[in-house]
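Q: First the structure, which I've put down as C-alpha cells, then a few questions once you've had a look.
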Amino acid sequence: MVELTWLYECSTCRKRFPLKPGLYLCPECARRLGRNDPLAMAVRPLDGVLECVWEGDYDGGADDIPLPVPGEFFPSLPVGNTPLWEPQRLRAETGFPFLFLKDDCCEPSGSFKDRASVLVAAFARQHGIKEIALASTGNAASSMACVGAAAGLDITVFLPKAAPQAKRVQVLQYGAKLVEVDGTYDDALGESLAYTSANGVLSRNTAFNPLTIEGKKTVSFEMCRDLAWALHAAGVDEPAPAFVAPDHVFVPVGDGVIIAGVYKGFEDLVRLGRIRQVPMIWACQAEGSSAIARALEQGGFGPAVPSSTLADSIAVDVPSNGHHALRKLQKYNGRAVIVNDTEILRAQRELAAKSGLFAEPSSSAAWAAFRKVKELLDHEARVVVMLTGSGLKDIAGAMKALAL
Ligand SMILES: *Cc1c(COP(=O)(O)O)cnc(C)c1O
C-alpha cells in the first residue's frame, strides 16, 4: 500500500504543516488573532483550528478509513463500528420507514468521545509519548481515561469540582489521575494547558488537538457502509453499492467538534468517490446553549452567553470549535434546530420507551430536533439520528424526565 503523507491544514488560512506533537493551533492565525494566550480560548471560539488532510492516492480497501496514524499503534479496545438501529415502532409512529439511530451509547466508555480518544492515544504511542492530559466537563475525561487504560498511557484529567459524579467515578475506576479544580471548566482548561506546555505532555483538549476532530469522522464511514447494507437487506433497489449516504443526519452540538468530524468524514467519502455529496446535516442545540445555531442565523458569533441547560455534554458558554463548525455548516447548507429542556427530556423518555435505547439528555436533543422538524422532510428520506452518550451517565437528568 502506498504511504499517504498526512499534514495539518489551517481551517482559517489554509496553510499546511507537518503533523507533529506539540503543534495544536495554526501558529500564525493564533498569533495574528491574539490567541497565543491559552486562556483566551474561554472568551471566543478558536481561530486557526487545524484539520488533518492527506496527500497521495489512497488505495486502501473499500472498508478501510484513511487515518493519520497507522493501525499498529491503536490500543486494543473496540471503539467504533457501533450499531445502526432500525427502530420499527418509531418508524411506524413518525411515518419515516428509513429512519435509523446511530448508537454510540455502547462505546467502551459510554460516549462518542471514544472515537477521538483512540486516535489521540494511537498518536501518542506512535511518538513515544507516555502521558495525555485534558480538561473536560465529563465525557471526554472518562473517555480518555478508559482508552488510556487499554493503551497503557498515563492520563491526567482536570475536572471542575461540579462535574457529574458518574463521570468522575469512571475516571477514577479507569485509574487516571484526577485534578479537581476549584472553579469552572474554563479554569480547568487553563490549568490543563499550562500543565501540558510545561511538561511536554500531549493535550487532548477538544478542538485544540486536531486529532479530536479527525477521530470522529469514522462515524460517517460507518453510517454510509451500514446504510448500504440495511437498504440492500430491505430489498430497496440499489445496485448493491458499498456505500449509501443518508439524506439527513441529526447531530447534537456543543463545542462543534462532533459535527465538524461528521462533515470531515463525508468530505473524505466524496473525495474517495464513495458517495456523491455531503448530506444535509442538522446541528441540534439546547435552547440554553445555542451559540452555533445563533451564529448560523446571524452570520457570526456574538458575545458569549452563559449556558443553562440540563443537557450537560452540550452545555458550553463558548463553543471552542465554533468558527470551524460554522464554516462547514455554511459551506454545505447545513441547518440548525434549537430545542428546549422540556423537549429534550420528553424526547429522552420517548426514545427509551419506544425503541429501547436509553440516551443521555445531550444525545436526546438530536431526537427532539428530528421530532421538531420532521414535517419539513420527505418521508421517504434516509434519516440518521446520532445518539452519542448513554443515559446511565446522567441519572439525575433522567429522573427529571420521569417527573414530566
Ligand atoms: C461532547 C458530547 C456532545 C457534543 O459534542 P461537541 O463536539 O461538543 O459538539 C454530544 N453528546 C455527547 C454525549 C457528548 O459527550
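If you're wondering about the labels, chains in the C-alpha cells are A, B, ... by order shown, residues count from 1 in each chain, ligands from 1 in order shown.
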Got a sec: who's within 10 Å of Gly152 of chain A, counting only C-alpha atoms, leaving out chain neighbours fewer than 5 positions off, as a PyMOL selection string?
A: chain A and resi 75+121+125+130-131+147
Q: Output the neighbourhood of ligand 1 as a list in words, that is, all protein and nucleic acid residues with some atom at most 7 Å from the ligand, counting only C-alpha atoms and all ligand atoms.
A: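 If we count only C-alpha atoms and all ligand atoms, the neighbours of ligand 1 turn out to be Ser111, Phe112, Lys113, Asn139, Ala140, Pro252, Val253, Gly254, Asp255, Gly256, Val257, Ile258, Ile259, Ser313, Ile314, Glu360, Ser362, Ser363, Thr388 and Gly389 of chain A.
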Q: Those same residues - N, CA, C and O atoms - I'd like them written as a PDB file, in the first residue's frame.
A:
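File selection-v5.pdb, as written:
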ATOM      1  N   SER A 111     -19.629   6.838  25.540  1.00  0.00           N
ATOM      2  CA  SER A 111     -19.914   8.015  24.713  1.00  0.00           C
ATOM      3  C   SER A 111     -19.079   8.035  23.442  1.00  0.00           C
ATOM      4  O   SER A 111     -18.053   7.364  23.310  1.00  0.00           O
ATOM      5  N   PHE A 112     -19.559   8.854  22.526  1.00  0.00           N
ATOM      6  CA  PHE A 112     -18.952   9.079  21.218  1.00  0.00           C
ATOM      7  C   PHE A 112     -17.498   9.546  21.317  1.00  0.00           C
ATOM      8  O   PHE A 112     -16.713   9.381  20.381  1.00  0.00           O
ATOM      9  N   LYS A 113     -17.142  10.170  22.459  1.00  0.00           N
ATOM     10  CA  LYS A 113     -15.804  10.734  22.641  1.00  0.00           C
ATOM     11  C   LYS A 113     -14.697   9.700  22.441  1.00  0.00           C
ATOM     12  O   LYS A 113     -13.563  10.058  22.156  1.00  0.00           O
ATOM     13  N   ASN A 139     -17.530  13.674  29.772  1.00  0.00           N
ATOM     14  CA  ASN A 139     -17.398  12.538  28.855  1.00  0.00           C
ATOM     15  C   ASN A 139     -16.021  12.426  28.208  1.00  0.00           C
ATOM     16  O   ASN A 139     -15.516  11.320  28.032  1.00  0.00           O
ATOM     17  N   ALA A 140     -15.413  13.544  27.846  1.00  0.00           N
ATOM     18  CA  ALA A 140     -14.087  13.464  27.225  1.00  0.00           C
ATOM     19  C   ALA A 140     -13.082  12.912  28.231  1.00  0.00           C
ATOM     20  O   ALA A 140     -12.202  12.122  27.888  1.00  0.00           O
ATOM     21  N   PRO A 252     -26.107  16.108  17.769  1.00  0.00           N
ATOM     22  CA  PRO A 252     -26.133  17.020  18.921  1.00  0.00           C
ATOM     23  C   PRO A 252     -24.850  17.858  18.949  1.00  0.00           C
ATOM     24  O   PRO A 252     -23.768  17.340  18.692  1.00  0.00           O
ATOM     25  N   VAL A 253     -24.976  19.141  19.252  1.00  0.00           N
ATOM     26  CA  VAL A 253     -23.840  20.050  19.116  1.00  0.00           C
ATOM     27  C   VAL A 253     -23.631  20.897  20.371  1.00  0.00           C
ATOM     28  O   VAL A 253     -24.561  21.554  20.853  1.00  0.00           O
ATOM     29  N   GLY A 254     -22.388  20.855  20.892  1.00  0.00           N
ATOM     30  CA  GLY A 254     -21.965  21.738  21.979  1.00  0.00           C
ATOM     31  C   GLY A 254     -20.802  22.589  21.487  1.00  0.00           C
ATOM     32  O   GLY A 254     -20.973  23.683  20.967  1.00  0.00           O
ATOM     33  N   ASP A 255     -19.568  22.046  21.596  1.00  0.00           N
ATOM     34  CA  ASP A 255     -18.383  22.737  21.098  1.00  0.00           C
ATOM     35  C   ASP A 255     -18.270  22.698  19.577  1.00  0.00           C
ATOM     36  O   ASP A 255     -17.469  23.429  18.988  1.00  0.00           O
ATOM     37  N   GLY A 256     -18.997  21.801  18.939  1.00  0.00           N
ATOM     38  CA  GLY A 256     -18.964  21.735  17.480  1.00  0.00           C
ATOM     39  C   GLY A 256     -17.860  20.856  16.920  1.00  0.00           C
ATOM     40  O   GLY A 256     -17.518  20.970  15.738  1.00  0.00           O
ATOM     41  N   VAL A 257     -17.314  19.976  17.752  1.00  0.00           N
ATOM     42  CA  VAL A 257     -16.261  19.082  17.260  1.00  0.00           C
ATOM     43  C   VAL A 257     -16.868  17.854  16.584  1.00  0.00           C
ATOM     44  O   VAL A 257     -16.446  17.457  15.500  1.00  0.00           O
ATOM     45  N   ILE A 258     -17.890  17.274  17.203  1.00  0.00           N
ATOM     46  CA  ILE A 258     -18.520  16.097  16.578  1.00  0.00           C
ATOM     47  C   ILE A 258     -19.024  16.470  15.185  1.00  0.00           C
ATOM     48  O   ILE A 258     -18.747  15.779  14.207  1.00  0.00           O
ATOM     49  N   ILE A 259     -19.743  17.575  15.078  1.00  0.00           N
ATOM     50  CA  ILE A 259     -20.334  17.912  13.777  1.00  0.00           C
ATOM     51  C   ILE A 259     -19.244  18.175  12.735  1.00  0.00           C
ATOM     52  O   ILE A 259     -19.375  17.779  11.576  1.00  0.00           O
ATOM     53  N   SER A 313     -23.577  17.696  28.461  1.00  0.00           N
ATOM     54  CA  SER A 313     -22.498  17.457  27.490  1.00  0.00           C
ATOM     55  C   SER A 313     -22.551  18.405  26.294  1.00  0.00           C
ATOM     56  O   SER A 313     -21.617  18.449  25.500  1.00  0.00           O
ATOM     57  N   ILE A 314     -23.651  19.121  26.135  1.00  0.00           N
ATOM     58  CA  ILE A 314     -23.702  20.110  25.050  1.00  0.00           C
ATOM     59  C   ILE A 314     -23.858  21.519  25.617  1.00  0.00           C
ATOM     60  O   ILE A 314     -24.230  22.446  24.911  1.00  0.00           O
ATOM     61  N   GLU A 360     -28.361   9.780  26.999  1.00  0.00           N
ATOM     62  CA  GLU A 360     -28.304  10.921  27.924  1.00  0.00           C
ATOM     63  C   GLU A 360     -29.004  12.137  27.298  1.00  0.00           C
ATOM     64  O   GLU A 360     -29.235  12.178  26.088  1.00  0.00           O
ATOM     65  N   SER A 362     -28.130  15.078  26.428  1.00  0.00           N
ATOM     66  CA  SER A 362     -27.451  15.740  25.311  1.00  0.00           C
ATOM     67  C   SER A 362     -27.716  15.032  23.984  1.00  0.00           C
ATOM     68  O   SER A 362     -27.934  15.664  22.964  1.00  0.00           O
ATOM     69  N   SER A 363     -27.676  13.717  24.020  1.00  0.00           N
ATOM     70  CA  SER A 363     -27.957  12.947  22.814  1.00  0.00           C
ATOM     71  C   SER A 363     -29.406  13.076  22.418  1.00  0.00           C
ATOM     72  O   SER A 363     -29.736  13.157  21.243  1.00  0.00           O
ATOM     73  N   THR A 388     -25.274   9.893  21.133  1.00  0.00           N
ATOM     74  CA  THR A 388     -23.842   9.993  21.406  1.00  0.00           C
ATOM     75  C   THR A 388     -23.414   9.612  22.812  1.00  0.00           C
ATOM     76  O   THR A 388     -22.221   9.523  23.084  1.00  0.00           O
ATOM     77  N   GLY A 389     -24.372   9.420  23.741  1.00  0.00           N
ATOM     78  CA  GLY A 389     -23.953   9.096  25.103  1.00  0.00           C
ATOM     79  C   GLY A 389     -25.034   8.337  25.852  1.00  0.00           C
ATOM     80  O   GLY A 389     -26.236   8.583  25.682  1.00  0.00           O
TER      81      GLY A 389
END
Q: I'd like the contact shell of segment 215-228 of chain A - 7 Å cut-off, only C-alpha atoms, skipping same-chain residues fewer than 3 positions apart - returned as a VMD selection string.
A: chain A and resid 81 84 115 to 116 119 211 to 212 231 to 232 241 to 246 258 261 to 262 264 to 266
Q: Where does DSSP see alpha helix (DSSP H) in segment 32-165 of chain A, if you list the residues as a PyMOL selection string?
A: chain A and resi 32+88-94+114-126+139-151+165
Q: Between segment 46-154 of chain A and segment 168-175 of chain A, at 9 Å or less, what are the per-residue closest atom pairs and their distances in Å? Count only C-alpha atoms, order by chain and rising residue number, and return it as CSV.
A:
residue,atom,partner,partner_atom,distance
A:Ser109,CA,A:Gln170,CA,8.1
A:Gly138,CA,A:Arg168,CA,7.0
A:Ala141,CA,A:Val171,CA,6.7
A:Ser142,CA,A:Val171,CA,4.8
A:Ser143,CA,A:Val171,CA,8.1
A:Met144,CA,A:Val171,CA,8.5
A:Ala145,CA,A:Val171,CA,5.6
A:Cys146,CA,A:Tyr174,CA,5.5
A:Val147,CA,A:Tyr174,CA,8.7
A:Gly148,CA,A:Tyr174,CA,8.2
A:Ala149,CA,A:Tyr174,CA,6.0
A:Asp154,CA,A:Gly175,CA,8.6
Q: Mind checking which residues fall within 10 Å of Leu357 of chain A, counting only C-alpha atoms, ignoring those fewer than 3 positions away in the same chain, and posting them as a PyMOL selection string?
A: chain A and resi 85+87+101+103+105+348-354+360+387+390-391
Q: Residues as selected, N, CA, C and O atoms, written as a CSV table (one decimal), in the first residue's frame, can you do that?
A:
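part_18.csv written:
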chain,number,residue,atom,x,y,z
A,85,TRP,N,-29.4,1.3,14.4
A,85,TRP,CA,-30.6,0.7,14.7
A,85,TRP,C,-31.7,1.0,13.7
A,85,TRP,O,-31.7,2.0,13.1
A,87,PRO,N,-35.4,1.3,14.2
A,87,PRO,CA,-36.4,1.3,15.2
A,87,PRO,C,-37.8,1.2,14.6
A,87,PRO,O,-38.4,2.2,14.2
A,101,LEU,N,-31.1,4.9,13.8
A,101,LEU,CA,-30.5,5.5,15.0
A,101,LEU,C,-29.0,5.0,15.0
A,101,LEU,O,-28.8,3.8,15.0
A,103,ASP,N,-26.0,4.4,17.2
A,103,ASP,CA,-25.9,4.2,18.6
A,103,ASP,C,-24.5,4.2,19.1
A,103,ASP,O,-23.8,3.1,19.2
A,105,CYS,N,-23.9,5.1,22.2
A,105,CYS,CA,-24.0,4.9,23.7
A,105,CYS,C,-23.3,3.7,24.1
A,105,CYS,O,-22.9,3.5,25.3
A,348,GLN,N,-36.1,12.1,25.4
A,348,GLN,CA,-35.3,11.1,26.0
A,348,GLN,C,-36.2,9.9,26.4
A,348,GLN,O,-35.9,8.7,26.1
A,349,ARG,N,-37.3,10.3,27.0
A,349,ARG,CA,-38.2,9.2,27.5
A,349,ARG,C,-38.9,8.5,26.4
A,349,ARG,O,-39.0,7.3,26.4
A,350,GLU,N,-39.3,9.2,25.4
A,350,GLU,CA,-39.9,8.6,24.2
A,350,GLU,C,-39.0,7.6,23.5
A,350,GLU,O,-39.3,6.5,23.2
A,351,LEU,N,-37.7,8.1,23.3
A,351,LEU,CA,-36.8,7.2,22.7
A,351,LEU,C,-36.6,5.9,23.5
A,351,LEU,O,-36.6,4.8,22.9
A,352,ALA,N,-36.4,6.1,24.8
A,352,ALA,CA,-36.2,4.9,25.6
A,352,ALA,C,-37.4,4.0,25.6
A,352,ALA,O,-37.3,2.7,25.4
A,353,ALA,N,-38.6,4.5,25.7
A,353,ALA,CA,-39.8,3.7,25.9
A,353,ALA,C,-40.3,3.1,24.6
A,353,ALA,O,-41.0,2.2,24.5
A,354,LYS,N,-39.8,3.7,23.4
A,354,LYS,CA,-40.4,3.2,22.2
A,354,LYS,C,-39.3,2.6,21.2
A,354,LYS,O,-39.6,2.2,20.1
A,360,GLU,N,-28.4,9.8,27.0
A,360,GLU,CA,-28.3,10.9,27.9
A,360,GLU,C,-29.0,12.1,27.3
A,360,GLU,O,-29.2,12.2,26.1
A,387,LEU,N,-27.0,9.2,18.3
A,387,LEU,CA,-27.1,9.2,19.8
A,387,LEU,C,-25.8,8.9,20.4
A,387,LEU,O,-25.1,7.9,20.2
A,390,SER,N,-24.6,7.4,26.7
A,390,SER,CA,-25.5,6.6,27.4
A,390,SER,C,-26.4,7.3,28.5
A,390,SER,O,-25.8,8.2,29.2
A,391,GLY,N,-27.6,6.9,28.6
A,391,GLY,CA,-28.5,7.5,29.6
A,391,GLY,C,-28.0,7.3,31.1
A,391,GLY,O,-28.3,8.0,32.0
Q: Give one line per residue of segment 281-362 of chain A that approaches segment 38-62 of chain A to at most 9 Å, naming the two atoms of the closest pair and their distance in Å to one decimal, counting only C-alpha atoms; sort by chain then ascending residue number and deliver it as a Markdown table.
A:
| residue | atom | partner | partner_atom | distance |
| --- | --- | --- | --- | --- |
| A:Phe301 | CA | A:Pro45 | CA | 8.4 |
| A:Pro303 | CA | A:Arg44 | CA | 8.0 |
| A:Ala304 | CA | A:Val43 | CA | 7.0 |
| A:Asp317 | CA | A:Ala42 | CA | 8.2 |
| A:Val318 | CA | A:Arg44 | CA | 6.0 |
| A:Pro319 | CA | A:Pro45 | CA | 5.6 |
| A:Ser320 | CA | A:Pro45 | CA | 4.4 |
| A:Asn321 | CA | A:Pro45 | CA | 5.9 |
| A:Gly322 | CA | A:Pro45 | CA | 5.2 |
| A:His323 | CA | A:Pro45 | CA | 6.2 |
| A:His324 | CA | A:Val49 | CA | 7.0 |
Q: Go through A:Leu19, A:Ala188, A:Val251, A:Ala30 and flag the residue nearest Val69 of chain A, using only C-alpha atoms for the distances.
A: A:Leu19
